[in-house]
Structure formats: structure tokens, C-alpha cells
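**Student:** This is input28.txt, which holds compact mmCIF, C-alpha atoms:
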# COMPACT_ATOMS: atom_id res chain seq x y z
CA MET A 1 90.31 59.30 132.29
CA PRO A 2 90.62 60.12 135.96
CA GLU A 3 87.69 61.83 137.63
CA GLU A 4 90.02 64.38 139.19
CA SER A 5 91.25 65.83 135.94
CA ARG A 6 87.69 66.14 134.66
CA GLY A 7 86.91 68.34 137.64
CA SER A 8 89.74 70.82 137.14
CA GLY A 9 89.46 70.85 133.35
CA ASP A 10 85.73 71.47 133.51
CA ALA A 11 86.14 74.28 136.03
CA ARG A 12 88.59 76.06 133.77
CA ARG A 13 86.44 75.54 130.70
CA PHE A 14 83.32 76.62 132.55
CA ASP A 15 85.07 79.82 133.50
CA GLN A 16 85.80 80.54 129.85
CA VAL A 17 82.35 79.61 128.58
CA ALA A 18 80.14 81.11 131.26
CA MET A 19 81.88 84.10 132.81
CA PRO A 20 81.84 86.31 129.67
CA HIS A 21 78.02 86.27 129.88
CA LEU A 22 77.76 87.46 133.46
CA ASP A 23 76.56 90.91 132.40
CA ALA A 24 73.81 89.43 130.24
CA ALA A 25 72.88 87.07 133.09
CA HIS A 26 72.67 89.90 135.58
CA ASN A 27 70.75 92.17 133.22
CA LEU A 28 68.08 89.51 132.64
CA ALA A 29 67.82 88.54 136.30
CA ARG A 30 67.64 92.17 137.38
CA TRP A 31 64.75 92.87 135.02
CA LEU A 32 62.90 89.68 135.92
CA VAL A 33 63.09 89.90 139.70
CA ARG A 34 63.17 93.73 139.78
CA ASN A 35 65.45 93.99 142.79
CA ALA A 36 69.21 94.46 142.87
CA HIS A 37 69.90 92.18 145.83
CA ASP A 38 67.65 89.34 144.65
CA ALA A 39 69.11 89.58 141.15
CA GLU A 40 72.62 88.89 142.50
CA ASP A 41 71.38 85.90 144.48
CA VAL A 42 69.59 84.56 141.43
CA VAL A 43 72.69 84.95 139.23
CA GLN A 44 74.89 83.18 141.74
CA GLU A 45 72.39 80.34 142.06
CA ALA A 46 72.06 80.15 138.26
CA TYR A 47 75.85 79.89 137.82
CA LEU A 48 76.06 77.11 140.37
CA ARG A 49 73.29 75.28 138.52
CA ALA A 50 75.03 75.93 135.22
CA PHE A 51 78.27 74.49 136.61
CA LYS A 52 76.41 71.44 137.84
CA TYR A 53 74.84 70.82 134.44
CA PHE A 54 77.97 71.82 132.52
CA GLY A 55 78.57 68.22 131.46
CA GLY A 56 75.38 68.44 129.42
CA TYR A 57 76.42 71.60 127.63
CA GLN A 58 77.09 70.56 124.05
CA GLY A 59 78.79 73.72 122.85
CA GLY A 60 76.91 76.22 120.74
CA ASP A 61 75.37 79.48 121.88
CA ALA A 62 76.74 79.87 125.41
CA ARG A 63 74.84 83.09 126.06
CA ALA A 64 71.48 81.49 125.25
CA TRP A 65 72.42 78.47 127.38
CA ILE A 66 73.32 80.60 130.39
CA LEU A 67 70.33 82.90 129.96
CA LYS A 68 67.96 79.94 129.84
CA ILE A 69 69.28 78.80 133.20
CA VAL A 70 69.11 82.36 134.59
CA ARG A 71 65.54 82.62 133.36
CA ASN A 72 64.49 79.34 134.97
CA THR A 73 66.23 80.29 138.21
CA SER A 74 64.49 83.69 138.17
CA TYR A 75 61.10 82.08 137.62
CA SER A 76 61.72 79.60 140.44
CA PHE A 77 62.63 82.50 142.67
CA LEU A 78 59.48 84.41 141.74
CA GLU A 79 57.28 81.33 142.18
CA LYS A 80 58.63 80.92 145.67
CA HIS A 81 58.75 84.51 146.84
CA ARG A 82 56.43 86.56 144.63
CA PRO A 83 53.98 84.29 142.82
CA ALA A 84 51.77 87.27 141.97
CA ASP A 85 54.50 88.51 139.62
CA LEU A 86 53.93 85.46 137.44
CA SER A 87 50.17 85.69 137.12
CA VAL A 88 50.16 86.93 133.52
CA GLU A 89 51.07 84.57 130.72
CA PHE A 90 51.00 85.07 126.97
CA ASP A 91 47.27 85.71 126.69
CA GLU A 92 45.95 86.75 123.34
CA THR A 93 42.85 88.22 124.96
CA LEU A 94 44.80 90.75 126.99
CA HIS A 95 43.51 94.23 126.60
CA THR A 96 45.73 96.42 124.49
CA THR A 97 44.67 99.54 122.74
CA ASP A 98 45.28 99.60 119.04
CA VAL A 99 46.19 103.03 117.98
CA ALA A 100 43.20 104.29 116.03
CA GLN A 101 45.08 107.27 114.69
CA PRO A 102 48.76 106.51 114.60
CA GLN A 103 49.76 110.10 114.44
CA ALA A 104 53.35 110.74 115.24
CA GLU A 105 54.04 109.85 118.83
CA ALA A 106 57.68 110.73 118.67
CA ALA A 107 57.04 113.47 121.21
CA LEU A 108 55.67 110.90 123.65
CA PHE A 109 58.86 108.87 123.56
CA GLN A 110 61.17 111.84 123.46
CA SER A 111 59.54 113.27 126.54
CA ALA A 112 59.83 109.92 128.31
CA ASP A 113 62.88 110.09 130.50
CA SER A 114 64.93 107.14 131.62
CA ARG A 115 63.02 106.87 134.90
CA MET A 116 59.63 106.75 133.18
CA LEU A 117 60.81 104.13 130.69
CA ARG A 118 62.29 102.02 133.46
CA GLN A 119 59.10 102.16 135.47
CA ALA A 120 56.90 101.40 132.46
CA LEU A 121 59.07 98.39 131.57
CA GLU A 122 59.08 97.11 135.13
CA GLU A 123 55.29 97.25 135.22
CA LEU A 124 54.89 95.06 132.14
CA PRO A 125 53.79 91.44 132.61
CA VAL A 126 56.88 89.35 133.18
CA ASN A 127 56.85 87.48 129.86
CA PHE A 128 56.41 90.61 127.73
CA ARG A 129 59.08 92.34 129.78
CA GLU A 130 61.40 89.41 129.28
CA ALA A 131 60.94 89.32 125.49
CA LEU A 132 61.55 93.07 125.28
CA ILE A 133 64.67 92.95 127.45
CA LEU A 134 66.17 90.14 125.38
CA ARG A 135 65.31 91.91 122.13
CA GLU A 136 65.97 95.58 122.89
CA LEU A 137 68.71 95.43 125.53
CA GLU A 138 70.38 92.11 124.77
CA GLY A 139 69.90 92.42 120.98
CA MET A 140 68.90 88.79 120.53
CA SER A 141 67.17 87.39 117.45
CA TYR A 142 63.70 85.83 117.66
CA LYS A 143 65.28 82.41 117.39
CA GLU A 144 67.64 83.09 120.30
CA ILE A 145 64.83 84.52 122.41
CA ALA A 146 62.67 81.49 121.59
CA ASP A 147 65.57 79.28 122.77
CA VAL A 148 65.92 81.13 126.06
CA MET A 149 62.18 81.32 126.78
CA GLU A 150 61.47 77.84 125.42
CA VAL A 151 58.49 79.02 123.36
CA PRO A 152 57.82 79.01 119.60
CA ILE A 153 59.15 81.91 117.51
CA GLY A 154 55.57 83.03 116.77
CA THR A 155 55.00 83.47 120.49
CA VAL A 156 58.12 85.65 120.71
CA MET A 157 56.84 87.84 117.88
CA SER A 158 53.35 88.27 119.34
CA GLY A 159 54.84 88.82 122.80
CA LEU A 160 57.05 91.61 121.48
CA ALA A 161 54.13 93.24 119.63
CA ARG A 162 51.94 93.13 122.72
CA GLY A 163 54.74 94.17 125.04
CA ARG A 164 55.47 97.20 122.88
CA ALA A 165 51.80 98.14 122.72
CA GLN A 166 51.48 97.89 126.49
CA LEU A 167 54.69 99.80 127.04
CA ARG A 168 53.38 102.63 124.91
CA GLU A 169 50.08 102.58 126.78
CA ARG A 170 51.88 102.89 130.09
CA LEU A 171 54.05 105.72 128.83
CA ARG A 172 50.96 107.51 127.64
CA GLU A 173 49.34 107.08 131.04
CA ALA A 174 52.51 108.22 132.78
CA ARG A 175 52.64 111.32 130.64
CA GLY A 176 48.95 112.00 131.28
CA GLY A 177 49.59 111.80 135.01
CA LYS A 178 52.59 114.08 134.67
CA GLU A 179 50.59 116.67 132.72
CA GLN A 180 47.85 116.63 135.32
CA ARG A 181 50.40 117.14 138.05
CA ASP A 182 51.96 119.95 136.05
CA LEU A 183 48.54 121.59 135.64
CA ARG A 184 47.95 121.52 139.37
CA LYS A 185 51.19 123.32 140.05
CA MET B 186 42.06 100.94 111.10
CA ILE B 187 43.96 97.73 111.49
CA CYS B 188 45.98 96.76 108.49
CA GLU B 189 46.34 93.04 107.86
CA ASN B 190 50.05 93.55 107.33
CA LYS B 191 50.47 94.89 110.83
CA SER B 192 51.65 91.54 112.14
CA LEU B 193 54.65 91.85 109.85
CA LEU B 194 55.58 95.23 111.19
CA HIS B 195 57.40 93.95 114.27
CA ALA B 196 59.24 91.29 112.32
CA TYR B 197 60.31 94.00 109.87
CA LEU B 198 61.34 96.34 112.68
CA ASP B 199 63.42 93.55 114.23
CA GLY B 200 65.11 92.60 110.97
CA GLU B 201 63.51 89.16 111.00
CA LEU B 202 61.96 89.19 107.52
CA ASP B 203 63.79 87.58 104.65
CA LEU B 204 64.79 89.78 101.75
CA VAL B 205 61.75 89.07 99.59
CA ARG B 206 59.22 89.71 102.34
CA SER B 207 61.19 92.72 103.47
CA ILE B 208 60.93 94.30 100.02
CA GLU B 209 57.24 93.44 99.87
CA PHE B 210 56.64 95.09 103.20
CA GLU B 211 58.59 98.18 102.19
CA SER B 212 56.40 98.58 99.10
CA HIS B 213 53.37 98.14 101.35
CA LEU B 214 54.65 100.96 103.56
CA GLN B 215 54.54 103.28 100.53
CA SER B 216 50.81 102.79 100.21
CA CYS B 217 49.76 102.42 103.87
CA PRO B 218 50.15 105.55 105.99
CA GLY B 219 48.88 103.60 109.01
CA CYS B 220 51.73 101.10 108.93
CA ALA B 221 54.28 103.77 107.98
CA GLY B 222 53.24 105.91 110.96
CA GLU B 223 53.24 102.94 113.29
CA LEU B 224 56.72 101.94 112.14
CA ARG B 225 58.01 105.46 112.86
CA ASN B 226 56.47 105.31 116.33
CA GLN B 227 58.07 101.94 117.03
CA GLN B 228 61.45 103.17 115.80
CA SER B 229 61.12 106.21 117.98
CA MET B 230 60.30 104.06 121.02
CA ARG B 231 63.27 101.83 120.31
CA GLN B 232 65.57 104.84 120.16
CA SER B 233 64.28 106.04 123.51
CA LEU B 234 64.78 102.60 125.05
CA ARG B 235 68.33 102.38 123.78
CA ALA B 236 69.19 105.91 124.85
CA ALA B 237 67.89 105.39 128.37
CA ASN B 238 70.77 103.34 129.79
CA LEU B 239 68.52 100.54 130.92
CA TYR B 240 71.11 97.77 130.67
CA GLU B 241 72.10 96.38 134.07
CA PRO B 242 75.65 95.00 133.87
CA ALA B 243 76.90 92.82 136.70
CA PRO B 244 78.63 94.70 139.51
CA ALA B 245 82.30 93.78 139.87
CA SER B 246 81.58 92.31 143.29
CA LEU B 247 79.18 89.80 141.74
CA ARG B 248 81.88 88.48 139.43
CA ASP B 249 84.12 87.81 142.43
CA ARG B 250 81.25 86.34 144.38
CA VAL B 251 80.25 83.92 141.62
CA ARG B 252 83.86 82.84 141.10
CA ALA B 253 84.35 82.36 144.81
CA ALA B 254 81.25 80.19 145.02
CA LEU B 255 82.31 77.86 142.22
CA PRO B 256 85.36 76.15 143.79
CA ALA B 257 83.10 74.97 146.60
CA GLU B 258 81.33 72.91 143.96
CA ILE B 259 84.60 71.65 142.61
CA GLN B 260 85.68 70.55 146.05
CA GLN B 261 82.83 68.06 146.14
CA LYS B 262 84.71 66.17 143.52
CA PRO B 263 88.20 64.98 144.36
CA ALA B 264 90.22 68.08 143.65
CA LEU B 265 93.42 67.23 141.88
CA ILE B 266 94.75 70.76 142.03
CA ARG B 267 94.62 70.88 145.78
CA ARG B 268 95.77 67.35 146.38
CA SER B 269 98.68 67.56 144.02
CA SER B 270 100.00 70.95 145.08
CA PRO B 271 102.48 69.60 147.65
CA VAL B 272 103.66 67.09 145.06
CA GLU B 273 104.18 69.83 142.50
CA TRP B 274 106.13 71.95 144.92
CA LEU B 275 108.15 68.98 146.08
CA ALA B 276 108.98 68.22 142.47
CA ILE B 277 110.06 71.78 141.80
CA ALA B 278 112.01 71.90 145.03
CA ALA B 279 113.64 68.57 144.20
CA CYS B 280 114.59 69.95 140.80
CA ILE B 281 116.32 72.93 142.33
CA ILE B 282 118.05 70.98 145.09
CA ILE B 283 119.34 68.34 142.73
CA ALA B 284 120.48 70.99 140.26
CA ILE B 285 122.40 72.83 142.96
CA PHE B 286 123.70 69.73 144.73
CA PHE B 287 125.13 68.07 141.68
CA GLY B 288 125.90 71.27 139.89
CA ALA B 289 123.97 69.67 137.10
CA LYS B 290 123.35 71.64 134.01
CA VAL B 291 119.69 71.09 133.49
CA LEU B 292 119.34 70.83 129.76
CA PRO B 293 117.22 68.51 127.68
CA ASN B 294 118.87 65.17 127.97
CA PHE B 295 116.68 62.19 127.48
CA ASP B 296 119.47 59.76 128.28
CA GLY B 297 119.19 60.36 132.00
CA GLN B 298 116.12 58.59 133.26
CA LYS B 299 116.03 60.64 136.45
CA HIS B 300 116.20 63.83 134.54
CA ALA B 301 113.46 62.66 132.21
CA ASP B 302 111.26 61.91 135.22
CA LEU B 303 111.86 65.34 136.66
CA LEU B 304 111.09 66.96 133.35
CA ALA B 305 107.87 64.96 133.08
CA GLN B 306 106.87 66.05 136.56
CA GLU B 307 107.62 69.65 135.68
CA ILE B 308 105.47 69.36 132.57
CA VAL B 309 102.56 67.88 134.47
CA SER B 310 102.81 70.76 136.93
CA SER B 311 102.74 73.27 134.09
CA HIS B 312 99.84 71.47 132.48
CA ILE B 313 97.81 71.50 135.70
CA ARG B 314 98.62 75.14 136.37
CA SER B 315 97.43 76.02 132.85
CA LEU B 316 94.06 74.46 133.64
CA GLN B 317 93.47 76.80 136.55
CA PRO B 318 91.16 79.71 135.66
CA GLY B 319 92.84 82.37 133.53
CA HIS B 320 96.13 80.54 133.03
CA LEU B 321 95.56 78.77 129.75
CA PHE B 322 96.15 81.46 127.17
CA ASP B 323 98.28 84.46 126.48
CA VAL B 324 96.89 84.47 122.96
CA GLN B 325 93.52 82.90 122.26
CA SER B 326 92.89 82.12 118.63
CA THR B 327 92.08 79.23 116.36
CA ASP B 328 94.16 80.81 113.63
CA GLN B 329 97.73 79.56 113.37
CA HIS B 330 98.62 82.80 111.58
CA THR B 331 97.64 84.70 114.69
CA VAL B 332 99.20 82.35 117.23
CA LYS B 333 102.57 81.91 115.50
CA PRO B 334 103.43 85.62 115.06
CA TRP B 335 102.38 86.23 118.65
CA PHE B 336 105.54 84.43 119.78
CA ASP B 337 107.76 86.75 117.72
CA GLY B 338 110.08 88.67 119.98
CA LYS B 339 109.01 86.67 123.02
CA LEU B 340 111.12 83.59 122.34
CA ASP B 341 114.55 83.05 120.82
CA PHE B 342 113.11 80.43 118.48
CA ALA B 343 110.02 80.15 116.29
CA PRO B 344 107.81 77.24 117.32
CA PRO B 345 106.02 75.50 114.45
CA VAL B 346 102.29 76.14 114.74
CA VAL B 347 99.75 74.13 112.78
CA ASN B 348 96.03 73.86 113.22
CA LEU B 349 94.77 70.28 113.20
CA ALA B 350 91.07 71.20 113.29
CA ASP B 351 90.37 69.08 110.22
CA GLN B 352 91.81 66.07 111.99
CA GLY B 353 89.73 66.72 115.12
CA PHE B 354 92.38 68.55 117.15
CA PRO B 355 91.62 72.28 116.77
CA LEU B 356 94.25 74.77 117.88
CA ILE B 357 92.71 77.16 120.41
CA GLY B 358 95.61 79.32 121.54
CA GLY B 359 99.07 79.61 123.01
CA ARG B 360 101.10 81.07 125.85
CA LEU B 361 104.60 81.43 127.17
CA ASP B 362 105.62 78.86 129.71
CA TYR B 363 108.79 77.95 131.58
CA LEU B 364 110.50 74.56 131.55
CA GLU B 365 114.06 73.36 131.87
CA ASN B 366 115.15 76.80 133.07
CA ARG B 367 114.08 78.51 129.91
CA ASP B 368 111.10 80.13 128.22
CA VAL B 369 109.19 77.66 126.11
CA ALA B 370 106.18 77.87 123.83
CA ALA B 371 102.98 76.19 124.94
CA LEU B 372 100.40 75.57 122.23
CA VAL B 373 96.91 74.65 123.31
CA TYR B 374 94.79 72.19 121.35
CA GLN B 375 91.46 70.66 122.06
CA ARG B 376 90.10 67.15 121.53
CA GLN B 377 86.41 67.26 122.33
CA LYS B 378 86.44 68.21 126.01
CA HIS B 379 90.11 67.40 126.57
CA LEU B 380 92.76 70.06 126.45
CA ILE B 381 96.22 69.29 125.14
CA ASN B 382 99.24 71.41 125.94
CA VAL B 383 102.10 71.06 123.49
CA PHE B 384 105.35 72.36 124.97
CA VAL B 385 108.01 73.28 122.44
CA TRP B 386 111.61 74.30 123.04
CA PRO B 387 114.82 74.08 121.05
CA GLY B 388 117.28 71.27 121.58
CA ASP B 389 120.57 70.55 119.92
CA SER B 390 120.76 66.82 120.19
CA LYS B 391 118.45 64.04 119.29
CA PRO B 392 117.21 62.27 122.41
CA ALA B 393 118.01 58.63 122.77
CA LYS B 394 114.41 57.57 122.87
CA LEU B 395 111.83 58.90 120.48
CA LEU B 396 108.14 59.03 121.24
CA GLU B 397 108.75 58.25 124.84
CA THR B 398 105.60 58.29 126.88
CA GLN B 399 104.98 58.97 130.53
CA THR B 400 101.92 58.94 132.74
CA ILE B 401 101.88 60.92 135.97
CA GLN B 402 98.83 61.49 138.15
CA GLY B 403 96.56 60.38 135.36
CA TYR B 404 98.05 62.77 132.81
CA ASN B 405 99.60 61.32 129.69
CA MET B 406 102.63 62.75 127.98
CA VAL B 407 104.21 62.01 124.64
CA PHE B 408 107.73 63.31 123.93
CA TRP B 409 109.43 63.66 120.61
CA TRP B 410 112.19 65.51 118.85
CA HIS B 411 111.74 67.03 115.44
CA GLY B 412 113.68 69.59 113.45
CA ASP B 413 115.98 70.68 116.30
CA MET B 414 113.15 71.09 118.74
CA TYR B 415 111.79 69.12 121.63
CA PHE B 416 108.07 68.58 121.90
CA CYS B 417 105.93 67.27 124.67
CA ALA B 418 102.16 66.85 124.37
CA ALA B 419 100.44 66.62 127.77
CA SER B 420 96.78 65.90 128.32
CA ASP B 421 94.20 63.84 130.16
CA LEU B 422 93.35 62.42 126.75
CA ASN B 423 93.93 58.68 126.39
CA LEU B 424 97.38 57.64 125.25
CA ALA B 425 96.25 56.20 121.91
CA GLU B 426 94.68 59.46 120.77
CA LEU B 427 97.56 61.48 122.16
CA HIS B 428 99.92 59.36 120.07
CA GLN B 429 97.75 59.94 117.03
CA PHE B 430 97.88 63.68 117.73
CA ALA B 431 101.67 63.62 118.12
CA LYS B 432 102.04 61.79 114.81
CA LEU B 433 99.86 64.37 113.06
CA LEU B 434 101.99 67.18 114.48
CA GLN B 435 105.16 65.54 113.18
CA GLN B 436 103.90 65.40 109.62
Do you think you could lay out the structure here as C-alpha cells?

**Tutor:**
Amino acid sequence: MPEESRGSGDARRFDQVAMPHLDAAHNLARWLVRNAHDAEDVVQEAYLRAFKYFGGYQGGDARAWILKIVRNTSYSFLEKHRPADLSVEFDETLHTTDVAQPQAEAALFQSADSRMLRQALEELPVNFREALILRELEGMSYKEIADVMEVPIGTVMSGLARGRAQLRERLREARGGKEQRDLRK
Amino acid sequence: MICENKSLLHAYLDGELDLVRSIEFESHLQSCPGCAGELRNQQSMRQSLRAANLYEPAPASLRDRVRAALPAEIQQKPALIRRSSPVEWLAIAACIIIAIFFGAKVLPNFDGQKHADLLAQEIVSSHIRSLQPGHLFDVQSTDQHTVKPWFDGKLDFAPPVVNLADQGFPLIGGRLDYLENRDVAALVYQRQKHLINVFVWPGDSKPAKLLETQTIQGYNMVFWWHGDMYFCAASDLNLAELHQFAKLLQQ
């Protein structure tokens, strides 16, 4: 088979396999690097990498395949430009408050507007944030998330539990701050 | 109060428990106000997250930018599309000039070797064009009962459509194409990573040579005539497998 035809055939097939997942790729990159401009650079870089490695793509879940590359590209970017963003790993000793009295907190979440939620999510450690984005925004299963993050399924589950606990903590703090500001008015 | 079942709560919330454990956890919820309250809180948080428009779809400009960046990668390999373009256009131009000059009626006629060569060149051009992004399908489906009716009303004949997935040649779609001065059906099959275009158009006479093969620019073609129709399978697949494919289609 001539090398030339492999090139054009692959390019066409790559377009069909990879381009439908551009939104998912951008969403993940945007939440990992937390900057619109950097996210676009990361996605472009990730797609070039994906095209380069396309020969190794064996079929199967194209979204998970692309997102894994986007994730690795995002982490490389952060390592290079903002290593502090990566300082927190899955650490079982992290402080999270267990709710002693789980009285209904529906009001807390209902009062949380989009801006507060966005900020609270952005402040989460990168790996918790990532698991939550893939689960809540991308709707992926634990198995798919484990594929993308290259961790065991148990780690995905504990990461989601801790991420949710921390998210709630941050929302509570944000609301506390808001109430104090409101009182001062 | 930390319930020992709390670790299951997130798996339950995310629909990751199997049926048995799901039912077990639901009965636990009946007797554990702590877990029941926590579940309501988590559901409430999820609703807020989903209602908050947090998804960040790619801007349209990014799509263009990514696509524009990719051909640069392709160019590092010898690019057939670019190199062959003048040849394609020359072939098409030659077709037209010859047709006008000789007043030739360009119809399927496998007796004329020159004509057969021109047809083969035209088919290779169509095949290559179909491989360019966005040109492969008008209808994308692995279901022959979707692909076949799609041609209704678009062609003055009904191309036979069979899926050969069981034999390792899955049907993946179809489109309208243009050959021999007429609309033809193009059916798209796949063999591992190779794409096969099968061009089909009606013909009223049996060609002199059956299962004629041609190779142009590395692309293989197999021609045959069956049930008042002409067929040509074109692909970068090796000739042996393309022959096998053609035989399967004729059955």
C-alpha cells in the first residue's frame, strides 16, 4: 500500500473520529487550565498529537481517547507554566468536613448562582475538578473517567466524593462571605 | 455520624451500583436519615451544577483553527491529493476534449481500451476526492435498509446495497457521485483501515471483459457487470482482497 494514500485516508478518517469530540476536548481543557486562550492552544496541540498517534488508535471509545490526550496535554501545559496548579494529588488525608448534621442544604445550592458555582469548581484541586467535570458536565461513567485519567475506578469514586465535599465546603464559605457582605450594607 | 454505607452513596448517585446493590442501598436509605439527607443534598448540588451552564463548548473559530493546523501535518508525508491534482484535472480535461473532438458518446463501453483508461482515471479522481474531509458520505449508516432507500428519488435506478460486515467488509455509508456524464451511486465499505468506494451505474450491454482490474497511482480497481449494472470497486486495499470483496458483492 502506498504511503501517500495512507496519509490522505488517515486525514479523512481522523476528521470523522476526532472532530465530533472537539466540544468535549475544549470543555475539559478549559476547566483544567482555567483560561480561555490557553485552553484553545492546548486543544490545538492535543489534536496535533492525536493526529500523530492516530495510527495507534485501535477504534473504540473515541471521546475517551481524545480526552486522554487533551488531559495529558493540559497537564504538560500546567507543569510547564503553572506547576503550583498541580500540587494537590489524590490525598486521602486531605481535610474535608463531614457534615455532622446533614440537614437539608438545598437552600445552599439553590442560592448558589452560576458565578459562585464556577468559582468554587475552579478553586478545587485539579484532579477533583477533573473528575467532577467528566462526571457532571461530560456525563461519563466511572470506567470512562478511569480510562481518561488513567487511575483505578476506586480512585475515581473517592475523588468524586472528596471533590463534592470540597465543592460544598467552598459554596458554604462563599455564602458565608456573601452574608457578611450583605450585613455590612 | 458517619454511616458505613456512605461510601456507596456516590456510586448510587452516579448510577454505578448493580441492581442488587442498588436495591440494598435503597432499603438502607429507608432506615438511615443521615444517608437519605446526604443523598438529597448531593442531588440538589447536581441539579445546581447542571442548571448553571458550566459546559464550555469549543468556539467555532477553534474548529477552523484545528482543521487548518492539521494539513500542515499531512504535508510532512508525501501528499497524494496535492501531487495528483494536476493529473486529475488533466484527466478530466482530456475527457472533455476527447468527447468534444471526436463527438464521442461517452457511455460505458469496455471494448475501447482508451475509454476504459479514462473511466478508470475518472474513478480514481472520484475516489480521492471522496477521501478529502467531508466528502465521503451523503448518508452515513451501517444499515443497508437505511442506505438503500436514501437513493430513492435521487437516481433513476436502484443500486443493490448489501452489508458485508460478517465477511469483514462493513458497509459504512453512501453518496451520490458523478461518472460517465451521469449520476451514479457510490457505496462506501471499510476493510480495517482501508476504505472502498463501490461505484454503481446502469449499463445495457455486457462489457467484453469481466473482472477487469486497473491500478492507477497506487489505487486498485476491480470492474464487473452484474444484473444490468456496472460496478467498480476502488480502494488502496490490495488487489487480492479487493477481488475477494468484489466476488462477495456479486453473490

**Student:** Show me a table, sorted first by chain and then by increasing residue number, of the residues of chain B having an atom at most 8 Å from chain A, each with its shortest atom pair and the distance in Å to one decimal, counting only C-alpha atoms and written as CSV.

**Tutor:**
residue,atom,partner,partner_atom,distance
B:Met186,CA,A:Ala100,CA,6.1
B:Ile187,CA,A:Asp98,CA,7.9
B:His195,CA,A:Ala161,CA,6.3
B:Ala196,CA,A:Met157,CA,7.0
B:Asp199,CA,A:Ser141,CA,7.9
B:Glu201,CA,A:Tyr142,CA,7.4
B:Gly219,CA,A:Pro102,CA,6.3
B:Gly222,CA,A:Pro102,CA,5.8
B:Glu223,CA,A:Pro102,CA,5.9
B:Arg225,CA,A:Ala104,CA,7.4
B:Asn226,CA,A:Glu105,CA,5.7
B:Gln227,CA,A:Arg164,CA,8.0
B:Ser229,CA,A:Ala106,CA,5.7
B:Met230,CA,A:Phe109,CA,5.6
B:Arg231,CA,A:Glu136,CA,7.3
B:Ser233,CA,A:Phe109,CA,6.1
B:Leu234,CA,A:Leu117,CA,7.1
B:Arg235,CA,A:Leu137,CA,7.2
B:Ala237,CA,A:Ser114,CA,4.7
B:Asn238,CA,A:Ser114,CA,7.2
B:Leu239,CA,A:Arg118,CA,6.9
B:Tyr240,CA,A:Leu137,CA,6.1
B:Glu241,CA,A:Asn27,CA,4.5
B:Pro242,CA,A:Asp23,CA,4.4
B:Ala243,CA,A:Asp23,CA,4.7
B:Leu247,CA,A:Glu40,CA,6.7
B:Arg248,CA,A:Leu22,CA,7.3
B:Arg250,CA,A:Gln44,CA,7.6
B:Val251,CA,A:Gln44,CA,5.4
B:Ala254,CA,A:Leu48,CA,7.6
B:Leu255,CA,A:Leu48,CA,6.6
B:Glu258,CA,A:Leu48,CA,7.6
B:Ile259,CA,A:Gly7,CA,6.4
B:Lys262,CA,A:Gly7,CA,6.6
B:Pro263,CA,A:Glu4,CA,5.5
B:Ala264,CA,A:Glu4,CA,5.8
B:Leu265,CA,A:Glu4,CA,5.2
B:Ile266,CA,A:Ser8,CA,7.0
B:Leu316,CA,A:Arg12,CA,5.7
B:Gln317,CA,A:Arg12,CA,5.7
B:Pro318,CA,A:Arg12,CA,4.8
B:Gly319,CA,A:Arg12,CA,7.6
B:His379,CA,A:Gly9,CA,7.6
B:Leu380,CA,A:Gly9,CA,7.7
B:Gly403,CA,A:Pro2,CA,6.0
B:Asp421,CA,A:Met1,CA,6.3
B:Leu422,CA,A:Met1,CA,7.0
B:Asn423,CA,A:Met1,CA,6.9

**Student:** Just the number, please: distance in Å from CA of Leu364 in chain B to CA of His320 in chain B, one decimal.

**Tutor:**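 Distance reported for this atom pair: 15.6 Å.
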
**Student:** Rounded to one decimal, what separation in Å do you get between CA of Gln435 in chain B and CA of His411 in chain B?

**Tutor:**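 For CA of Gln435 in chain B relative to CA of His411 in chain B, the distance reads 7.1 Å.
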
**Student:** Could you work out how far CA of Trp386 in chain B lies from CA of Gly338 in chain B, giving the answer in Å with one decimal?

**Tutor:**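 Interatomic distance, CA of Gly338 in chain B to CA of Trp386 in chain B: 14.8 Å.
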
**Student:** Which polymer residues have any atom within 10 Å of an atom of Thr400 in chain B, counting all atoms listed in the file, with same-chain residues fewer than 3 positions away left out, as a list in words?

**Tutor:**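 The residues satisfying every condition are Ala305, Gln306, Val309, Gly403, Tyr404, Asn405, Met406, Val407, Ala419, Ser420, Asp421 and Leu424 of chain B.
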
**Student:** I'd like to know which of A:Leu78, A:Ile153, A:Ala50, A:Ala120 is closest to Ala62 in chain A, using all atoms listed in the file.

**Tutor:** A:Ala50

**Student:** Determine the nearest neighbour of Ala146 in chain A from the options A:Val42, A:Arg170, A:Phe77, A:Gly159, counting all atoms listed in the file.

**Tutor:**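 Smallest distance to Ala146 in chain A is found for A:Gly159.
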
**Student:** Within 7 Å of Ala370 in chain B, counting all atoms listed in the file, which residues qualify if same-chain residues fewer than 4 places away don't, as a PyMOL selection string?

**Tutor:** chain B and resi 344+360-362+384-386

**Student:** Please produce an output containing C-alpha atoms for each residue in the selection, written as a compact mmCIF listing (two decimals), in the frame of the given file.

**Tutor:**
# COMPACT_ATOMS: atom_id res chain seq x y z
CA PRO B 344 107.81 77.24 117.32
CA ARG B 360 101.10 81.07 125.85
CA LEU B 361 104.60 81.43 127.17
CA ASP B 362 105.62 78.86 129.71
CA PHE B 384 105.35 72.36 124.97
CA VAL B 385 108.01 73.28 122.44
CA TRP B 386 111.61 74.30 123.04

**Student:** The centre and edge lengths of an axis-aligned box containing all atoms of range 154-162 of chain A present in the file, extended by 5 Å on each side, are to be given in Å to one decimal, as lines of an AutoDock Vina configuration file.

**Tutor:**
center_x = 55.0
center_y = 88.1
center_z = 119.8
size_x = 16.2
size_y = 20.2
size_z = 16.0
